[in-house]
>>> print(open('query_31.txt').read())   # compact mmCIF, C-alpha atoms and all ligand atoms
# COMPACT_ATOMS: atom_id res chain seq x y z
CA MET B 1 83.68 73.33 78.71
CA THR B 2 80.76 75.48 77.70
CA LEU B 3 81.28 78.41 75.36
CA VAL B 4 79.31 81.42 76.67
CA LYS B 5 78.71 84.99 75.53
CA ALA B 6 80.63 87.78 77.24
CA TYR B 7 81.94 91.33 76.77
CA ALA B 8 85.68 91.89 76.88
CA ALA B 9 88.32 94.59 76.50
CA GLU B 10 90.94 93.31 74.07
CA LYS B 11 93.37 96.17 74.74
CA ALA B 12 93.70 99.09 77.18
CA ASP B 13 92.64 101.66 74.60
CA LYS B 14 89.87 99.62 72.96
CA PRO B 15 86.16 99.76 73.89
CA LEU B 16 84.60 96.61 75.34
CA ALA B 17 83.03 94.40 72.66
CA PRO B 18 81.23 91.04 72.31
CA PHE B 19 83.45 88.06 73.03
CA LYS B 20 83.11 84.33 73.81
CA ILE B 21 84.67 82.56 76.79
CA ASP B 22 84.90 78.98 78.06
CA ARG B 23 83.30 78.12 81.38
CA ARG B 24 84.37 74.85 82.97
CA GLU B 25 81.86 72.05 83.47
CA PRO B 26 80.80 72.15 87.13
CA GLY B 27 83.04 69.85 89.22
CA ALA B 28 81.87 68.04 92.36
CA LYS B 29 82.04 71.21 94.52
CA ASP B 30 81.02 73.70 91.81
CA VAL B 31 77.92 75.79 91.29
CA GLU B 32 76.96 76.97 87.79
CA ILE B 33 75.13 80.30 87.81
CA GLU B 34 73.11 82.02 85.10
CA ILE B 35 73.95 85.68 85.62
CA LEU B 36 70.93 88.01 85.84
CA TYR B 37 72.64 91.27 86.84
CA CYS B 38 76.19 92.58 87.13
CA GLY B 39 77.17 95.91 88.67
CA VAL B 40 79.81 98.17 87.10
CA CYS B 41 82.59 98.99 89.59
CA HIS B 42 85.28 101.61 89.01
CA SER B 43 87.79 98.75 89.47
CA ASP B 44 86.41 97.28 86.22
CA ILE B 45 87.46 100.49 84.46
CA HIS B 46 90.90 100.67 86.15
CA THR B 47 91.49 97.06 85.02
CA ALA B 48 90.02 97.25 81.50
CA ARG B 49 92.29 100.26 80.86
CA ASN B 50 95.32 98.73 82.61
CA GLU B 51 95.58 101.73 84.95
CA TRP B 52 97.09 99.59 87.72
CA GLY B 53 99.27 97.55 85.34
CA GLY B 54 99.06 93.76 85.12
CA THR B 55 95.90 93.41 83.03
CA ILE B 56 95.86 90.18 81.03
CA TYR B 57 93.97 90.70 77.75
CA PRO B 58 91.34 89.99 76.64
CA VAL B 59 89.74 90.78 80.03
CA VAL B 60 86.08 90.21 80.97
CA PRO B 61 85.39 92.45 84.00
CA GLY B 62 82.51 92.30 86.50
CA HIS B 63 82.49 91.31 90.19
CA GLU B 64 79.04 92.33 91.42
CA ILE B 65 77.12 89.28 90.27
CA VAL B 66 73.59 88.12 91.07
CA GLY B 67 72.06 85.10 89.36
CA LYS B 68 70.21 81.79 89.58
CA VAL B 69 71.81 78.39 90.14
CA THR B 70 71.44 76.25 87.01
CA ARG B 71 73.59 73.20 87.86
CA VAL B 72 75.45 71.91 90.94
CA GLY B 73 78.15 69.26 91.41
CA ASN B 74 77.47 66.04 93.35
CA ASP B 75 79.13 67.21 96.56
CA VAL B 76 77.47 70.65 96.76
CA THR B 77 75.42 70.99 99.94
CA ASN B 78 74.82 74.74 100.41
CA HIS B 79 73.10 75.62 97.14
CA LYS B 80 70.55 73.99 94.87
CA VAL B 81 69.23 74.55 91.34
CA GLY B 82 66.91 77.58 91.24
CA ASP B 83 68.45 79.38 94.27
CA THR B 84 69.20 83.10 93.97
CA VAL B 85 72.91 83.60 94.65
CA GLY B 86 75.69 86.16 94.45
CA VAL B 87 79.40 86.26 93.62
CA GLY B 88 81.69 89.11 94.66
CA CYS B 89 85.30 90.09 94.08
CA PHE B 90 86.97 86.71 94.53
CA VAL B 91 86.05 83.12 93.67
CA ASP B 92 88.66 80.99 95.45
CA SER B 93 91.62 81.10 97.86
CA CYS B 94 94.20 78.65 99.28
CA GLY B 95 91.95 77.73 102.21
CA HIS B 96 94.78 76.86 104.61
CA CYS B 97 96.77 80.05 105.39
CA ALA B 98 96.15 81.97 108.62
CA ASN B 99 93.96 84.56 106.90
CA CYS B 100 91.80 81.99 105.07
CA LYS B 101 91.32 80.13 108.36
CA ASP B 102 90.30 83.44 109.94
CA ASP B 103 87.57 84.12 107.32
CA LEU B 104 89.76 86.78 105.70
CA GLU B 105 90.11 85.15 102.28
CA GLN B 106 90.52 88.60 100.71
CA TYR B 107 93.96 88.69 102.37
CA CYS B 108 94.91 85.07 101.45
CA GLU B 109 98.68 84.85 102.01
CA ASN B 110 99.11 82.60 98.98
CA GLY B 111 97.10 84.88 96.70
CA ASN B 112 93.37 84.48 96.34
CA THR B 113 91.67 84.10 92.97
CA GLN B 114 89.88 87.28 92.02
CA THR B 115 86.72 87.02 89.96
CA TYR B 116 88.49 88.36 86.86
CA ASN B 117 92.01 89.01 85.60
CA SER B 118 93.43 86.58 88.14
CA LYS B 119 95.05 83.14 88.26
CA SER B 120 92.83 80.27 89.38
CA GLN B 121 94.21 78.10 92.21
CA ASP B 122 95.62 75.77 89.48
CA LYS B 123 98.00 78.76 88.92
CA LYS B 124 97.26 78.63 85.18
CA THR B 125 93.69 79.46 84.12
CA ILE B 126 92.89 83.20 84.05
CA THR B 127 89.47 84.11 85.45
CA SER B 128 86.73 85.98 83.57
CA GLY B 129 84.12 88.05 85.38
CA GLY B 130 80.43 88.81 85.37
CA TYR B 131 79.98 90.59 82.03
CA SER B 132 78.95 87.15 80.76
CA THR B 133 75.87 84.92 80.71
CA HIS B 134 77.18 82.23 83.11
CA ILE B 135 79.88 81.64 85.71
CA VAL B 136 81.07 78.50 87.54
CA VAL B 137 82.27 78.99 91.13
CA THR B 138 83.28 76.62 93.93
CA GLU B 139 80.41 76.57 96.44
CA GLY B 140 82.24 78.12 99.39
CA PHE B 141 82.54 81.40 97.47
CA VAL B 142 78.86 81.60 96.44
CA LEU B 143 76.65 83.82 98.62
CA LYS B 144 72.97 83.38 99.44
CA ILE B 145 70.70 86.24 98.34
CA SER B 146 67.28 87.05 99.80
CA ASP B 147 64.53 87.21 97.17
CA LYS B 148 62.92 89.94 99.33
CA LEU B 149 64.99 92.72 97.73
CA ASN B 150 65.23 94.11 94.18
CA LEU B 151 67.88 91.75 92.79
CA ALA B 152 69.36 94.26 90.32
CA ALA B 153 69.89 96.69 93.20
CA VAL B 154 71.42 93.94 95.36
CA ALA B 155 74.21 93.26 92.82
CA PRO B 156 76.39 96.27 93.88
CA LEU B 157 76.33 95.03 97.49
CA LEU B 158 78.73 92.26 96.36
CA CYS B 159 81.55 94.81 96.00
CA ALA B 160 80.49 98.38 96.89
CA GLY B 161 78.40 97.09 99.81
CA ILE B 162 80.95 94.79 101.45
CA THR B 163 83.88 97.14 100.77
CA THR B 164 82.20 99.85 102.86
CA TYR B 165 80.51 97.57 105.43
CA SER B 166 83.75 95.81 106.39
CA PRO B 167 85.75 98.90 107.52
CA LEU B 168 82.70 100.42 109.23
CA LYS B 169 82.45 97.24 111.33
CA HIS B 170 86.20 96.81 111.82
CA TRP B 171 86.64 100.40 113.06
CA ASN B 172 83.53 99.99 115.19
CA CYS B 173 81.20 102.57 113.65
CA LYS B 174 78.42 103.18 116.15
CA LYS B 175 75.67 105.51 117.23
CA GLY B 176 76.84 109.08 117.60
CA ASP B 177 80.19 108.62 115.80
CA LYS B 178 81.08 111.41 113.41
CA VAL B 179 81.83 109.72 110.08
CA ALA B 180 82.79 111.46 106.82
CA VAL B 181 82.54 109.80 103.41
CA VAL B 182 84.74 111.23 100.63
CA GLY B 183 83.44 110.84 97.04
CA LEU B 184 79.80 110.17 96.21
CA GLY B 185 79.93 107.32 93.69
CA GLY B 186 79.26 103.58 93.93
CA LEU B 187 81.23 102.94 97.12
CA GLY B 188 80.45 106.37 98.58
CA HIS B 189 76.68 106.06 98.39
CA MET B 190 76.79 102.64 100.08
CA ALA B 191 79.09 104.02 102.81
CA VAL B 192 76.55 106.79 103.51
CA LYS B 193 73.62 104.36 103.71
CA LEU B 194 75.46 101.83 105.88
CA ALA B 195 77.07 104.33 108.28
CA ALA B 196 73.71 106.09 108.75
CA SER B 197 72.02 102.72 109.40
CA MET B 198 74.59 102.07 112.17
CA GLY B 199 73.61 105.35 113.87
CA ALA B 200 76.59 107.52 112.86
CA GLU B 201 76.30 111.23 112.11
CA VAL B 202 77.37 111.21 108.46
CA THR B 203 78.98 114.05 106.50
CA MET B 204 79.33 113.73 102.72
CA LEU B 205 82.53 115.34 101.40
CA SER B 206 82.20 115.87 97.64
CA ARG B 207 83.55 118.05 94.86
CA SER B 208 80.14 117.97 93.09
CA PRO B 209 77.56 120.53 94.34
CA GLU B 210 74.75 118.92 92.31
CA LYS B 211 74.98 115.81 94.51
CA ALA B 212 73.92 117.62 97.74
CA LYS B 213 70.24 116.72 97.45
CA ASP B 214 71.02 113.07 96.71
CA ALA B 215 73.38 112.86 99.68
CA ASP B 216 70.54 114.04 101.90
CA GLU B 217 68.16 111.43 100.45
CA LEU B 218 70.76 108.69 100.91
CA GLY B 219 70.87 109.52 104.62
CA ALA B 220 73.81 111.93 105.01
CA HIS B 221 73.22 114.49 107.76
CA HIS B 222 75.57 117.10 106.26
CA PHE B 223 77.06 117.86 102.84
CA GLU B 224 80.29 119.84 102.39
CA LEU B 225 81.97 120.88 99.18
CA THR B 226 85.67 119.99 99.28
CA THR B 227 86.50 122.48 96.53
CA LYS B 228 85.98 125.40 98.96
CA PRO B 229 89.06 125.93 101.17
CA GLU B 230 86.95 127.67 103.87
CA ASN B 231 84.86 124.46 104.25
CA MET B 232 87.95 122.34 104.79
CA LYS B 233 89.22 124.84 107.39
CA LYS B 234 85.90 124.86 109.21
CA LEU B 235 85.85 121.03 109.37
CA ALA B 236 89.32 120.60 110.96
CA HIS B 237 89.30 118.13 113.94
CA SER B 238 85.71 117.02 113.21
CA PHE B 239 85.61 113.30 112.46
CA ASP B 240 86.23 109.98 114.24
CA LEU B 241 86.36 108.09 110.95
CA ILE B 242 86.81 109.10 107.30
CA ILE B 243 85.96 106.64 104.50
CA ASP B 244 87.87 107.73 101.37
CA THR B 245 86.40 106.28 98.14
CA VAL B 246 88.05 108.62 95.62
CA SER B 247 89.32 106.83 92.51
CA ALA B 248 91.75 109.54 91.31
CA GLU B 249 94.66 111.63 92.62
CA HIS B 250 93.78 113.84 95.63
CA ASP B 251 95.55 115.29 98.66
CA TYR B 252 95.35 112.82 101.58
CA ASN B 253 96.89 115.40 103.93
CA SER B 254 94.02 117.85 103.61
CA TYR B 255 91.52 115.10 104.57
CA LEU B 256 93.69 113.82 107.44
CA SER B 257 93.50 117.31 109.00
CA LEU B 258 89.73 116.81 109.36
CA LEU B 259 90.22 113.90 111.82
CA LYS B 260 89.88 114.35 115.57
CA THR B 261 92.76 113.20 117.80
CA ASN B 262 93.03 109.37 117.48
CA GLY B 263 90.81 109.48 114.39
CA THR B 264 91.19 107.04 111.50
CA MET B 265 91.06 107.56 107.75
CA VAL B 266 90.39 104.41 105.70
CA LEU B 267 91.55 104.33 102.09
CA LEU B 268 89.18 102.36 99.86
CA GLY B 269 89.75 104.16 96.54
CA VAL B 270 92.84 103.03 94.62
CA PRO B 271 94.20 105.96 92.55
CA PRO B 272 96.71 104.58 90.05
CA GLU B 273 99.54 106.84 91.25
CA ALA B 274 101.40 106.84 94.61
CA LEU B 275 100.37 109.90 96.64
CA PRO B 276 102.43 111.71 99.31
CA VAL B 277 101.59 111.67 103.02
CA HIS B 278 103.36 114.10 105.37
CA ALA B 279 104.37 112.59 108.72
CA GLY B 280 102.98 115.71 110.40
CA SER B 281 99.49 114.93 109.09
CA LEU B 282 99.53 111.83 111.33
CA ILE B 283 101.75 112.93 114.22
CA PHE B 284 99.79 116.02 115.19
CA GLY B 285 96.70 114.25 116.49
CA ARG B 286 97.95 110.64 116.71
CA ARG B 287 95.93 109.90 113.60
CA SER B 288 95.80 106.62 111.66
CA LEU B 289 95.85 106.19 107.89
CA VAL B 290 94.72 102.67 106.96
CA GLY B 291 93.34 100.69 104.04
CA SER B 292 90.77 97.93 103.62
CA LEU B 293 90.04 95.40 100.87
CA VAL B 294 86.45 94.20 100.26
CA GLY B 295 85.52 91.62 102.98
CA GLY B 296 85.70 87.87 103.61
CA ILE B 297 82.96 85.44 102.56
CA LYS B 298 81.52 85.10 106.08
CA GLU B 299 81.37 88.87 106.50
CA THR B 300 79.90 89.31 103.00
CA GLN B 301 77.05 86.95 103.92
CA GLU B 302 76.60 88.87 107.20
CA MET B 303 76.41 92.15 105.19
CA LEU B 304 73.85 90.68 102.72
CA ASP B 305 71.70 89.48 105.63
CA TYR B 306 72.07 92.87 107.37
CA CYS B 307 70.98 94.69 104.18
CA ALA B 308 67.98 92.35 103.73
CA GLU B 309 66.96 92.99 107.34
CA HIS B 310 67.39 96.78 107.07
CA ASN B 311 66.04 97.04 103.52
CA ILE B 312 69.29 98.48 102.16
CA VAL B 313 70.13 98.21 98.46
CA SER B 314 72.10 100.28 95.96
CA ASP B 315 70.60 103.16 93.96
CA ILE B 316 71.04 101.96 90.41
CA GLU B 317 70.71 102.90 86.77
CA MET B 318 70.07 99.79 84.69
CA ILE B 319 71.80 99.49 81.32
CA ASN B 320 72.01 96.99 78.48
CA ILE B 321 75.42 95.45 77.83
CA ASP B 322 75.88 97.47 74.62
CA GLN B 323 75.80 100.67 76.73
CA ILE B 324 78.82 99.59 78.80
CA ASN B 325 81.35 101.89 77.12
CA GLU B 326 79.09 104.91 77.58
CA ALA B 327 78.58 103.88 81.23
CA TYR B 328 82.38 103.84 81.71
CA GLU B 329 82.67 107.37 80.29
CA ARG B 330 79.86 108.63 82.51
CA THR B 331 81.41 106.99 85.61
CA LEU B 332 84.71 108.72 84.84
CA LYS B 333 82.88 112.06 84.74
CA GLY B 334 81.22 111.32 88.11
CA ASP B 335 77.86 111.11 86.32
CA VAL B 336 76.58 107.91 87.95
CA HIS B 337 73.54 107.70 90.27
CA TYR B 338 74.95 105.72 91.93
CA ARG B 339 75.81 102.42 90.29
CA PHE B 340 75.32 101.17 86.75
CA VAL B 341 73.97 97.63 86.70
CA ILE B 342 73.92 95.55 83.50
CA ASP B 343 70.72 93.66 82.77
CA MET B 344 72.31 90.47 81.52
CA LYS B 345 69.23 89.53 79.50
CA SER B 346 70.60 92.01 76.95
CA LEU B 347 73.63 89.76 76.36
CA LYS B 348 71.49 86.70 75.68
CA GLU B 349 69.31 88.39 73.04
P1 LIG V 1 82.96 105.86 91.35
O1 LIG V 1 81.56 105.38 91.35
O2 LIG V 1 83.55 106.38 90.10
O3 LIG V 1 83.09 106.95 92.54
C1 LIG V 1 84.28 107.64 92.81
C2 LIG V 1 83.93 109.05 93.32
O4 LIG V 1 85.14 109.69 93.68
C3 LIG V 1 83.29 109.95 92.28
O5 LIG V 1 81.90 109.81 92.17
C4 LIG V 1 83.67 111.33 92.80
O6 LIG V 1 82.76 111.74 93.83
C5 LIG V 1 85.02 111.08 93.44
N1 LIG V 1 86.11 111.49 92.52
C6 LIG V 1 86.42 110.95 91.33
N2 LIG V 1 87.48 111.58 90.78
C7 LIG V 1 87.85 112.52 91.67
C8 LIG V 1 88.87 113.48 91.69
N3 LIG V 1 89.71 113.61 90.66
N4 LIG V 1 88.97 114.27 92.78
C9 LIG V 1 88.08 114.16 93.78
N5 LIG V 1 87.09 113.26 93.80
C10 LIG V 1 86.97 112.45 92.76
O7 LIG V 1 83.94 104.68 91.82
P2 LIG V 1 83.67 103.43 92.82
O8 LIG V 1 83.21 102.28 92.02
O9 LIG V 1 82.93 103.90 93.99
O10 LIG V 1 85.19 103.08 93.22
C11 LIG V 1 85.97 104.04 93.91
C12 LIG V 1 87.39 103.55 94.07
O11 LIG V 1 87.41 102.45 94.97
C13 LIG V 1 88.05 103.04 92.78
O12 LIG V 1 89.42 103.44 92.79
C14 LIG V 1 87.93 101.52 92.92
O13 LIG V 1 88.92 100.84 92.18
C15 LIG V 1 88.15 101.37 94.40
N6 LIG V 1 87.65 100.12 94.98
C16 LIG V 1 88.32 99.63 96.05
C17 LIG V 1 87.86 98.49 96.69
C18 LIG V 1 88.55 97.98 97.91
O14 LIG V 1 88.37 96.82 98.27
N7 LIG V 1 89.33 98.81 98.59
C19 LIG V 1 86.72 97.83 96.22
C20 LIG V 1 86.05 98.39 95.12
C21 LIG V 1 86.51 99.53 94.52
P3 LIG V 1 82.31 113.30 94.02
O15 LIG V 1 81.79 113.72 92.68
O16 LIG V 1 81.27 113.21 95.06
O17 LIG V 1 83.52 114.05 94.46
ZN ZN V 2 84.45 96.50 92.80
>>> encode(input="query_31.txt", output="structure tokens")
Amino acid sequence: MTLVKAYAAEKADKPLAPFKIDRREPGAKDVEIEILYCGVCHSDIHTARNEWGGTIYPVVPGHEIVGKVTRVGNDVTNHKVGDTVGVGCFVDSCGHCANCKDDLEQYCENGNTQTYNSKSQDKKTITSGGYSTHIVVTEGFVLKISDKLNLAAVAPLLCAGITTYSPLKHWNCKKGDKVAVVGLGGLGHMAVKLAASMGAEVTMLSRSPEKAKDADELGAHHFELTTKPENMKKLAHSFDLIIDTVSAEHDYNSYLSLLKTNGTMVLLGVPPEALPVHAGSLIFGRRSLVGSLVGGIKETQEMLDYCAEHNIVSDIEMINIDQINEAYERTLKGDVHYRFVIDMKSLKE
């Protein structure tokens, strides 16, 4: 075991504070990573504050990790000391269920191991995430990162990037499709960039008028304020695909009415409360309401390679670890442009 520095929430209503955690010695198949950057996802906030229930305290969040390999076990073949690598939302899975065999480890039928607040496959040890100096991960869950891109801006691809890439691919986003993205935050800004790169005509649906210029720069072709009822009326029957990234309570029915016949709305945001859906919102127009969870390891590598090829990274604001609580407050106010990334050097000092 190695004792390493981290930042943890000790209770739902307590700010994150310095903490120490044990990292296992790398086993034969393990890769030890010195963390350089970690993105701040809204899921970190939901978990730190126990908004979904089930948080095991103290919790060390963080699942958008980029770092350098510092040690490898004897049987590791894919990574070597000095490589630039990434870790996303999960670090292990059963490996033998139908979904794992299908490269869909995020849907592991026996329960995958998430990067934090989750049981390891030994069903005992609770995982700690990327707000720490080092992490040890079995090699099959470690991604290769191109040194071509700004590494701090690559970190958010490990969650926000793959979470938006996966449904765009699954629902076959292509040239000329009319795609709407709801909510311009971490996930939303990646959805705009990725959908535009695939040739879609992208509309940003936001409650924040001050984000219109940014949406345009990110590649959105149109910007519509959702707070104006006349806009929502005008947009009825407009979209093939809607990507909903909103983290708080909102009316699914009003967005479903914006879909064309046979259109699909994908839920990515996870508001803590259950929200009503009227059958009529789906029936009139044979519409689909679906959800999607991050992406498998194979698809995550495909997304990272796609982003390197197309020069796509996240728009970030770099912070030191001692600014994490302020960053949470600003994210909750929608004041994030468009992902906070922690410079992990600040934890070592
Ligand atoms: P974020 O950066 O905070 O962005 C969320 C955006 O939603 C905000 O910027 C805001 O955009 C909009 N919004 C927030 N509160 C709203 C409200 N009350 N009404 C209407 N719009 C509101 O969060 P994120 O990191 O992108 O994460 C978004 C959600 O996705 C979270 O619930 C997170 O847990 C979830 N998530 C899911 C997955 C998955 O696999 N499905 C993966 C990662 C994260 P505007 O100001 O433009 O309206
Ligand atoms: Zn996330």
>>> residues_near_ligand(input="query_31.txt", ligand="ligand LIG 1 (chain V)", cutoff="7 Å", atoms="all atoms listed in the file", output="PyMOL selection string")
chain B and resi 41-43+46+159-160+163+182-188+205-208+211+245-250+267-271+292-294+331-332+334+336+338-339
>>> atom_distance(input="query_31.txt", atom1="CA of Gly39 (chain B)", atom2="CA of His63 (chain B)")
7.2 Å
>>> residues_around(input="query_31.txt", residues="Thr127 (chain B)", least_positions_apart="4", cutoff="10 Å", atoms="only C-alpha atoms", output="ChimeraX atom specification")
/B:23,56,59-61,90-91,113-120,135
>>> residues_around(input="query_31.txt", residues="Ala155 (chain B)", least_positions_apart="5", cutoff="6 Å", atoms="all atoms listed in the file", output="list of chain:residue names")
B:Gly39, B:Glu64, B:Ile65, B:Val66
>>> atom_distance(input="query_31.txt", atom1="CA of Lys174 (chain B)", atom2="CA of Lys260 (chain B)")
16.0 Å
>>> closest_residue(input="query_31.txt", among="B:Met198, B:Cys173, B:Leu235, B:Leu158", to="ligand ZN 2 (chain V)", atoms="only C-alpha atoms and all ligand atoms")
B:Leu158
>>> closest_residue(input="query_31.txt", among="B:Cys100, B:Ile243, B:Leu157, B:Ile321", to="ligand ZN 2 (chain V)", atoms="all atoms listed in the file")
B:Leu157
>>> residues_near_point(input="query_31.txt", point="(69.8, 90.6, 76.4)", cutoff="12 Å", atoms="all atoms listed in the file", output="list in words")
Lys5, Ala6, Ile35, Leu36, Tyr37, Tyr131, Ser132, Thr133, Ile319, Asn320, Ile321, Asp322, Gln323, Ile342, Asp343, Met344, Lys345, Ser346, Leu347, Lys348 and Glu349 of chain B
>>> write_last_selection(input="query_31.txt", atoms="C-alpha atoms", output="PDB file, in the coordinates of the input")
ATOM      1  CA  LYS B   5      78.710  84.990  75.530  1.00  0.00           C
ATOM      2  CA  ALA B   6      80.630  87.780  77.240  1.00  0.00           C
ATOM      3  CA  ILE B  35      73.950  85.680  85.620  1.00  0.00           C
ATOM      4  CA  LEU B  36      70.930  88.010  85.840  1.00  0.00           C
ATOM      5  CA  TYR B  37      72.640  91.270  86.840  1.00  0.00           C
ATOM      6  CA  TYR B 131      79.980  90.590  82.030  1.00  0.00           C
ATOM      7  CA  SER B 132      78.950  87.150  80.760  1.00  0.00           C
ATOM      8  CA  THR B 133      75.870  84.920  80.710  1.00  0.00           C
ATOM      9  CA  ILE B 319      71.800  99.490  81.320  1.00  0.00           C
ATOM     10  CA  ASN B 320      72.010  96.990  78.480  1.00  0.00           C
ATOM     11  CA  ILE B 321      75.420  95.450  77.830  1.00  0.00           C
ATOM     12  CA  ASP B 322      75.880  97.470  74.620  1.00  0.00           C
ATOM     13  CA  GLN B 323      75.800 100.670  76.730  1.00  0.00           C
ATOM     14  CA  ILE B 342      73.920  95.550  83.500  1.00  0.00           C
ATOM     15  CA  ASP B 343      70.720  93.660  82.770  1.00  0.00           C
ATOM     16  CA  MET B 344      72.310  90.470  81.520  1.00  0.00           C
ATOM     17  CA  LYS B 345      69.230  89.530  79.500  1.00  0.00           C
ATOM     18  CA  SER B 346      70.600  92.010  76.950  1.00  0.00           C
ATOM     19  CA  LEU B 347      73.630  89.760  76.360  1.00  0.00           C
ATOM     20  CA  LYS B 348      71.490  86.700  75.680  1.00  0.00           C
ATOM     21  CA  GLU B 349      69.310  88.390  73.040  1.00  0.00           C
TER      22      GLU B 349
END
>>> closest_residue(input="query_31.txt", among="B:Leu151, B:Gly295, B:His222, B:Leu16", to="ligand ZN 2 (chain V)", atoms="only C-alpha atoms and all ligand atoms")
B:Gly295
>>> atom_distance(input="query_31.txt", atom1="CA of Pro209 (chain B)", atom2="CA of Phe223 (chain B)")
8.9 Å
